file query05.cif (mmCIF, C-alpha atoms)
data_protein
loop_
_atom_site.group_PDB
_atom_site.id
_atom_site.type_symbol
_atom_site.label_atom_id
_atom_site.label_comp_id
_atom_site.auth_asym_id
_atom_site.auth_seq_id
_atom_site.Cartn_x
_atom_site.Cartn_y
_atom_site.Cartn_z
ATOM 1 C CA MET O 1 16.387 24.079 64.003
ATOM 2 C CA LEU O 2 18.021 23.350 60.630
ATOM 3 C CA SER O 3 18.105 19.663 61.357
ATOM 4 C CA LYS O 4 14.368 19.721 61.986
ATOM 5 C CA ILE O 5 13.699 21.529 58.680
ATOM 6 C CA PHE O 6 15.926 19.178 56.695
ATOM 7 C CA GLY O 7 14.425 16.222 58.505
ATOM 8 C CA GLN O 8 10.876 17.320 57.602
ATOM 9 C CA ASN O 9 11.881 17.887 53.942
ATOM 10 C CA ALA O 10 13.470 14.458 53.800
ATOM 11 C CA GLU O 11 10.330 12.862 55.191
ATOM 12 C CA THR O 12 8.199 14.787 52.664
ATOM 13 C CA LEU O 13 10.386 13.751 49.732
ATOM 14 C CA SER O 14 10.374 10.139 50.842
ATOM 15 C CA ALA O 15 6.563 10.202 50.921
ATOM 16 C CA VAL O 16 6.349 11.480 47.342
ATOM 17 C CA ARG O 17 6.145 8.826 44.678
ATOM 18 C CA LEU O 18 6.748 9.785 41.057
ATOM 19 C CA HIS O 19 4.746 7.740 38.599
ATOM 20 C CA GLU O 20 5.808 8.044 34.981
ATOM 21 C CA THR O 21 3.227 7.050 32.393
ATOM 22 C CA THR O 22 3.950 6.856 28.681
ATOM 23 C CA ILE O 23 0.981 7.556 26.434
ATOM 24 C CA LYS O 24 1.501 6.084 23.015
ATOM 25 C CA GLY O 25 -0.285 7.904 20.195
ATOM 26 C CA ARG O 26 -1.120 6.719 16.703
ATOM 27 C CA GLN O 27 1.747 6.644 14.271
ATOM 28 C CA TYR O 28 1.185 8.961 11.327
ATOM 29 C CA LYS O 29 2.590 7.056 8.378
ATOM 30 C CA TYR O 30 3.305 8.391 4.898
ATOM 31 C CA ILE O 31 0.487 6.246 3.511
ATOM 32 C CA ASP O 32 -1.931 8.174 5.780
ATOM 33 C CA PHE O 33 -0.919 11.330 3.954
ATOM 34 C CA LEU O 34 -0.427 9.868 0.485
ATOM 35 C CA LEU O 35 -3.562 7.760 -0.024
ATOM 36 C CA PRO O 36 -6.163 10.559 0.396
ATOM 37 C CA GLY O 37 -4.180 12.660 -2.061
ATOM 38 C CA MET O 38 -4.034 9.842 -4.586
ATOM 39 C CA LEU O 39 -7.749 9.215 -4.152
ATOM 40 C CA GLY O 40 -8.537 12.908 -4.623
ATOM 41 C CA PHE O 41 -6.445 13.166 -7.765
ATOM 42 C CA SER O 42 -8.055 9.995 -9.153
ATOM 43 C CA LEU O 43 -11.477 11.616 -8.704
ATOM 44 C CA LEU O 44 -10.235 14.839 -10.288
ATOM 45 C CA SER O 45 -8.899 13.021 -13.358
ATOM 46 C CA SER O 46 -12.042 10.920 -13.738
ATOM 47 C CA GLY O 47 -14.348 13.904 -13.370
ATOM 48 C CA VAL O 48 -12.474 16.176 -15.774
ATOM 49 C CA PHE O 49 -11.077 13.888 -18.474
ATOM 50 C CA GLY O 50 -13.898 11.345 -18.431
ATOM 51 C CA THR O 51 -16.726 13.853 -18.606
ATOM 52 C CA ALA O 52 -15.055 16.033 -21.231
ATOM 53 C CA PHE O 53 -14.247 13.163 -23.578
ATOM 54 C CA VAL O 54 -17.661 11.484 -23.238
ATOM 55 C CA PHE O 55 -19.819 14.538 -23.882
ATOM 56 C CA LEU O 56 -17.640 15.911 -26.675
ATOM 57 C CA SER O 57 -17.734 12.513 -28.373
ATOM 58 C CA LEU O 58 -21.523 12.287 -27.991
ATOM 59 C CA ARG O 59 -21.861 15.761 -29.467
ATOM 60 C CA LEU O 60 -19.511 15.239 -32.430
ATOM 61 C CA THR O 61 -21.055 11.886 -33.352
ATOM 62 C CA LEU O 62 -24.545 13.438 -33.150
ATOM 63 C CA VAL O 63 -25.630 10.891 -30.546
ATOM 64 C CA ILE O 64 -27.044 13.635 -28.338
ATOM 65 C CA LYS O 65 -28.937 15.040 -31.310
ATOM 66 C CA ARG O 66 -30.509 11.614 -31.831
ATOM 67 C CA PHE O 67 -31.433 11.532 -28.156
ATOM 68 C CA PHE O 68 -33.488 14.691 -28.722
ATOM 69 C CA ALA O 69 -35.665 12.778 -31.190
ATOM 70 C CA THR O 70 -36.705 10.519 -28.311
ATOM 71 C CA PRO O 71 -38.631 11.369 -25.113
ATOM 72 C CA VAL O 72 -35.325 11.495 -23.199
ATOM 73 C CA ARG O 73 -34.890 14.769 -21.332
ATOM 74 C CA LYS O 74 -31.610 16.672 -21.158
ATOM 75 C CA TYR O 75 -31.230 16.295 -17.420
ATOM 76 C CA SER O 76 -31.669 12.515 -17.785
ATOM 77 C CA ILE O 77 -28.607 12.358 -20.052
ATOM 78 C CA VAL O 78 -26.483 14.322 -17.591
ATOM 79 C CA LEU O 79 -27.853 12.423 -14.590
ATOM 80 C CA GLY O 80 -27.204 9.064 -16.259
ATOM 81 C CA GLU O 81 -23.592 9.978 -17.011
ATOM 82 C CA ALA O 82 -23.115 11.318 -13.477
ATOM 83 C CA LEU O 83 -24.525 8.166 -11.847
ATOM 84 C CA ALA O 84 -22.457 5.852 -14.053
ATOM 85 C CA ARG O 85 -19.270 7.780 -13.311
ATOM 86 C CA LEU O 86 -20.139 7.912 -9.610
ATOM 87 C CA VAL O 87 -20.615 4.142 -9.366
ATOM 88 C CA PHE O 88 -17.318 3.382 -11.108
ATOM 89 C CA SER O 89 -15.520 6.026 -9.035
ATOM 90 C CA TRP O 90 -16.911 4.528 -5.821
ATOM 91 C CA ILE O 91 -15.672 1.091 -6.858
ATOM 92 C CA GLY O 92 -12.236 2.539 -7.612
ATOM 93 C CA ALA O 93 -12.172 4.539 -4.364
ATOM 94 C CA LEU O 94 -13.180 1.508 -2.301
ATOM 95 C CA PHE O 95 -10.462 -0.560 -3.970
ATOM 96 C CA ILE O 96 -7.810 2.089 -3.247
ATOM 97 C CA ILE O 97 -8.909 2.409 0.401
ATOM 98 C CA MET O 98 -9.011 -1.352 1.022
ATOM 99 C CA VAL O 99 -5.633 -2.015 -0.612
ATOM 100 C CA GLY O 100 -4.113 0.872 1.352
ATOM 101 C CA HIS O 101 -5.615 -0.369 4.622
ATOM 102 C CA PHE O 102 -4.875 -4.089 4.408
ATOM 103 C CA PHE O 103 -1.558 -4.023 2.551
ATOM 104 C CA PHE O 104 0.034 -0.729 3.620
ATOM 105 C CA GLY O 105 -1.552 -0.015 7.002
ATOM 106 C CA PHE O 106 -3.631 2.998 6.000
ATOM 107 C CA THR O 107 -5.423 4.245 9.114
ATOM 108 C CA LEU O 108 -9.219 4.026 9.284
ATOM 109 C CA ILE O 109 -10.122 5.257 12.757
ATOM 110 C CA HIS O 110 -13.765 4.192 12.795
ATOM 111 C CA ASP O 111 -13.456 1.398 10.245
ATOM 112 C CA PHE O 112 -16.735 1.072 8.279
ATOM 113 C CA ILE O 113 -18.039 4.528 9.302
ATOM 114 C CA THR O 114 -14.794 6.112 8.125
ATOM 115 C CA VAL O 115 -15.020 4.318 4.777
ATOM 116 C CA VAL O 116 -18.615 5.514 4.302
ATOM 117 C CA ASN O 117 -17.634 9.109 5.107
ATOM 118 C CA MET O 118 -14.748 8.917 2.637
ATOM 119 C CA LEU O 119 -17.081 7.593 -0.077
ATOM 120 C CA ILE O 120 -19.510 10.453 0.585
ATOM 121 C CA LEU O 121 -16.637 12.933 0.262
ATOM 122 C CA SER O 122 -15.596 11.160 -2.938
ATOM 123 C CA ALA O 123 -19.076 11.684 -4.395
ATOM 124 C CA ILE O 124 -19.043 15.382 -3.483
ATOM 125 C CA GLY O 125 -15.580 15.862 -4.976
ATOM 126 C CA LEU O 126 -16.463 13.997 -8.163
ATOM 127 C CA ILE O 127 -19.592 16.095 -8.742
ATOM 128 C CA VAL O 128 -17.553 19.298 -8.386
ATOM 129 C CA PHE O 129 -14.819 18.022 -10.705
ATOM 130 C CA MET O 130 -17.349 16.923 -13.336
ATOM 131 C CA GLY O 131 -18.282 20.593 -13.662
ATOM 132 C CA PHE O 132 -14.801 21.265 -15.054
ATOM 133 C CA GLY O 133 -15.370 18.455 -17.544
ATOM 134 C CA PHE O 134 -18.657 19.984 -18.723
ATOM 135 C CA ILE O 135 -16.946 23.336 -19.289
ATOM 136 C CA ILE O 136 -14.080 21.773 -21.241
ATOM 137 C CA SER O 137 -16.439 19.680 -23.395
ATOM 138 C CA GLY O 138 -18.336 22.873 -24.211
ATOM 139 C CA ILE O 139 -15.356 24.952 -25.316
ATOM 140 C CA ALA O 140 -13.294 22.171 -26.972
ATOM 141 C CA LYS O 141 -13.491 22.067 -30.764
ATOM 142 C CA ASN O 142 -12.309 18.474 -31.132
ATOM 143 C CA GLU O 143 -10.903 15.622 -29.049
ATOM 144 C CA SER O 144 -7.289 16.695 -29.553
ATOM 145 C CA THR O 145 -7.924 19.923 -27.623
ATOM 146 C CA ILE O 146 -9.295 18.159 -24.552
ATOM 147 C CA PRO O 147 -5.960 16.936 -23.049
ATOM 148 C CA PRO O 148 -4.257 20.363 -22.980
ATOM 149 C CA LEU O 149 -7.393 22.053 -21.647
ATOM 150 C CA SER O 150 -7.873 19.359 -19.017
ATOM 151 C CA ASN O 151 -4.225 19.536 -17.973
ATOM 152 C CA ILE O 152 -4.607 23.258 -17.331
ATOM 153 C CA VAL O 153 -7.216 22.314 -14.729
ATOM 154 C CA THR O 154 -5.692 19.147 -13.277
ATOM 155 C CA LEU O 155 -1.931 19.760 -13.183
ATOM 156 C CA PRO O 156 -1.955 22.822 -10.872
ATOM 157 C CA GLN O 157 -4.175 20.926 -8.435
ATOM 158 C CA PHE O 158 -2.073 17.780 -8.743
ATOM 159 C CA LEU O 159 1.074 19.741 -7.859
ATOM 160 C CA LEU O 160 -0.252 22.302 -5.380
ATOM 161 C CA SER O 161 -3.133 20.661 -3.508
ATOM 162 C CA GLY O 162 -1.108 18.488 -1.146
ATOM 163 C CA THR O 163 -1.209 15.256 -3.107
ATOM 164 C CA PHE O 164 2.357 14.128 -2.341
ATOM 165 C CA PHE O 165 3.607 16.718 0.154
ATOM 166 C CA ALA O 166 2.008 19.189 2.551
ATOM 167 C CA THR O 167 1.118 22.657 1.311
ATOM 168 C CA THR O 168 2.842 24.078 4.410
ATOM 169 C CA ALA O 169 6.144 23.356 2.645
ATOM 170 C CA PHE O 170 5.323 25.966 -0.022
ATOM 171 C CA PRO O 171 6.362 29.620 0.148
ATOM 172 C CA SER O 172 3.587 31.904 1.361
ATOM 173 C CA TRP O 173 2.678 33.254 -2.103
ATOM 174 C CA LEU O 174 2.319 29.730 -3.500
ATOM 175 C CA ARG O 175 0.413 28.568 -0.433
ATOM 176 C CA GLY O 176 -2.152 31.279 -1.112
ATOM 177 C CA LEU O 177 -2.765 29.802 -4.554
ATOM 178 C CA ALA O 178 -3.026 26.279 -3.148
ATOM 179 C CA ASP O 179 -5.602 27.465 -0.619
ATOM 180 C CA ILE O 180 -8.142 28.345 -3.311
ATOM 181 C CA LEU O 181 -8.033 25.035 -5.193
ATOM 182 C CA PRO O 182 -10.914 22.597 -4.589
ATOM 183 C CA LEU O 183 -8.694 19.502 -4.445
ATOM 184 C CA THR O 184 -6.851 21.028 -1.475
ATOM 185 C CA TYR O 185 -10.031 20.989 0.594
ATOM 186 C CA LEU O 186 -11.091 17.527 -0.539
ATOM 187 C CA ASN O 187 -7.666 16.139 0.406
ATOM 188 C CA HIS O 188 -7.763 17.869 3.786
ATOM 189 C CA ALA O 189 -11.263 16.592 4.554
ATOM 190 C CA MET O 190 -10.268 13.039 3.560
ATOM 191 C CA ARG O 191 -7.244 13.104 5.875
ATOM 192 C CA GLN O 192 -9.242 14.519 8.776
ATOM 193 C CA VAL O 193 -11.892 11.826 8.413
ATOM 194 C CA ALA O 194 -9.456 8.924 7.936
ATOM 195 C CA PHE O 195 -6.752 9.659 10.516
ATOM 196 C CA GLU O 196 -8.280 12.117 12.969
ATOM 197 C CA GLY O 197 -11.656 10.362 13.123
ATOM 198 C CA ALA O 198 -13.578 13.494 12.141
ATOM 199 C CA GLY O 199 -17.170 13.231 10.973
ATOM 200 C CA LEU O 200 -18.688 15.126 8.079
ATOM 201 C CA GLY O 201 -19.901 17.722 10.556
ATOM 202 C CA ASP O 202 -16.310 18.392 11.586
ATOM 203 C CA VAL O 203 -15.162 19.277 8.058
ATOM 204 C CA THR O 204 -17.895 21.798 7.262
ATOM 205 C CA HIS O 205 -15.323 24.443 6.292
ATOM 206 C CA ASP O 206 -13.914 22.173 3.577
ATOM 207 C CA LEU O 207 -17.431 21.253 2.426
ATOM 208 C CA LEU O 208 -18.387 24.934 2.315
ATOM 209 C CA ILE O 209 -15.461 25.749 0.014
ATOM 210 C CA LEU O 210 -16.347 22.792 -2.210
ATOM 211 C CA GLY O 211 -19.944 24.034 -2.239
ATOM 212 C CA ILE O 212 -18.810 27.475 -3.399
ATOM 213 C CA TRP O 213 -16.762 25.839 -6.155
ATOM 214 C CA PHE O 214 -19.822 23.793 -7.151
ATOM 215 C CA ILE O 215 -21.927 26.942 -7.590
ATOM 216 C CA VAL O 216 -19.236 28.805 -9.537
ATOM 217 C CA ILE O 217 -18.264 25.891 -11.788
ATOM 218 C CA TYR O 218 -21.791 24.895 -12.731
ATOM 219 C CA ALA O 219 -22.780 28.515 -13.315
ATOM 220 C CA VAL O 220 -19.982 28.673 -15.891
ATOM 221 C CA ALA O 221 -20.849 25.210 -17.245
ATOM 222 C CA VAL O 222 -24.440 26.268 -17.959
ATOM 223 C CA LYS O 223 -23.116 29.120 -20.108
ATOM 224 C CA THR O 224 -20.475 27.134 -21.988
ATOM 225 C CA PHE O 225 -21.916 23.624 -22.341
ATOM 226 C CA LYS O 226 -23.215 22.764 -25.801
ATOM 227 C CA TRP O 227 -25.639 20.012 -26.726
ATOM 228 C CA GLU O 228 -25.043 20.174 -30.488
#
call {"tool": "encode", "arguments": {"input": "query05.cif", "output": "structure tokens"}}
result
Amino acid sequence: MLSKIFGQNAETLSAVRLHETTIKGRQYKYIDFLLPGMLGFSLLSSGVFGTAFVFLSLRLTLVIKRFFATPVRKYSIVLGEALARLVFSWIGALFIIMVGHFFFGFTLIHDFITVVNMLILSAIGLIVFMGFGFIISGIAKNESTIPPLSNIVTLPQFLLSGTFFATTAFPSWLRGLADILPLTYLNHAMRQVAFEGAGLGDVTHDLLILGIWFIVIYAVAVKTFKWE
């Protein structure tokens, strides 16, 4: 009886074939984490420092006042500055992405589509960050006060928004602060799009937070911005 049982088990085991398959995933390199953070901080610096310096200078030199003597409308001045800064920021962003991809192996899952999505996110981030610049240019008395005021806005985001290391490494109380900063959500959306292959529809939570920041920042900017 036992010999029959063992004999049947042996026949069953001999009929079983184990096939081992190794599935190789994408390697997550440090450049895949670092480059979106660098790009986000570049947009933050351009939006805050660039906008604040330009509009304060135009106001102090009475250039804006001279504009008012012409048919130029106020929104045209702001729109012109925004478009100029957007074009230059896109050129800079594209350069950073291409250098990272071709020289350091930065991952672009869907190639051209991924680049386009990252440029769209760059435009959204820049518009939000320009709001900080408008506020600073409105409350600054002279050009020497712009750097300290701008650093109050940029340095916490530079250090806490996951530019060089993940926010999960922070203690819980510091992580709570990082989770309310706009650069945190721009960096996260950039990384999801570049490495995970997410579309803009897959990062709606990040876009929603950036949208809330846009409303809050520009509501404050309207109250503080000065033309003369």
call {"tool": "resolve_selection", "arguments": {"input": "query05.cif", "expression": "the PyMOL selection byres ((chain O and resi 77) around 12)", "output": "PyMOL selection string"}}
result
chain O and resi 54-55+58+63-68+70-76+78-84+227
call {"tool": "closest_atom_pairs", "arguments": {"input": "query05.cif", "of": "range 151-220 of chain O", "to": "range 29-46 of chain O", "cutoff": "6 Å", "atoms": "only C-alpha atoms", "output": "tab-separated table"}}
result
residue	atom	partner	partner_atom	distance
O:Thr163	CA	O:Gly37	CA	4.1
O:Phe164	CA	O:Leu34	CA	5.8
O:Asn187	CA	O:Gly37	CA	5.5
O:Met190	CA	O:Pro36	CA	5.7
call {"tool": "residues_around", "arguments": {"input": "query05.cif", "residues": "range 173-185 of chain O", "least_positions_apart": "4", "cutoff": "9 Å", "atoms": "all atoms listed in the file", "output": "list in words"}}
result
Gly37, Gly40, Phe41, Leu44, Gly125, Val128, Phe129, Pro156, Gln157, Phe158, Leu160, Ser161, Gly162, Thr163, Thr167, Thr168, Ala169, Ala189, Met190, His205, Asp206, Leu207, Ile209, Leu210 and Trp213 of chain O
call {"tool": "atom_distance", "arguments": {"input": "query05.cif", "atom1": "CA of Thr204 in chain O", "atom2": "CA of Ile91 in chain O"}}
result
25.2 Å
call {"tool": "closest_residue", "arguments": {"input": "query05.cif", "among": "O:Ser137, O:Asn117, O:Asn142, O:Thr224", "to": "Phe49 in chain O", "atoms": "only C-alpha atoms"}}
result
O:Ser137
call {"tool": "atom_distance", "arguments": {"input": "query05.cif", "atom1": "CA of Glu228 in chain O", "atom2": "CA of Ser150 in chain O"}}
result
20.7 Å
call {"tool": "resolve_selection", "arguments": {"input": "query05.cif", "expression": "the PyMOL selection byres ((chain O and resi 133) around 8)", "output": "ChimeraX atom specification"}}
result
/O:47-52,129-132,134-137,150
call {"tool": "atom_distance", "arguments": {"input": "query05.cif", "atom1": "CA of Thr145 in chain O", "atom2": "CA of Trp90 in chain O"}}
result
28.2 Å
call {"tool": "axis_aligned_box", "arguments": {"input": "query05.cif", "around": "range 138-142 of chain O", "padding_each_side": "3 Å", "output": "JSON"}}
result
{"center_x": -15.3, "center_y": 21.7, "center_z": -27.7, "size_x": 12.0, "size_y": 12.5, "size_z": 12.9}
call {"tool": "resolve_selection", "arguments": {"input": "query05.cif", "expression": "the PyMOL selection byres ((chain O and resi 111) around 12)", "output": "PyMOL selection string"}}
result
chain O and resi 97-98+101-102+106-110+112-118+193-195+197
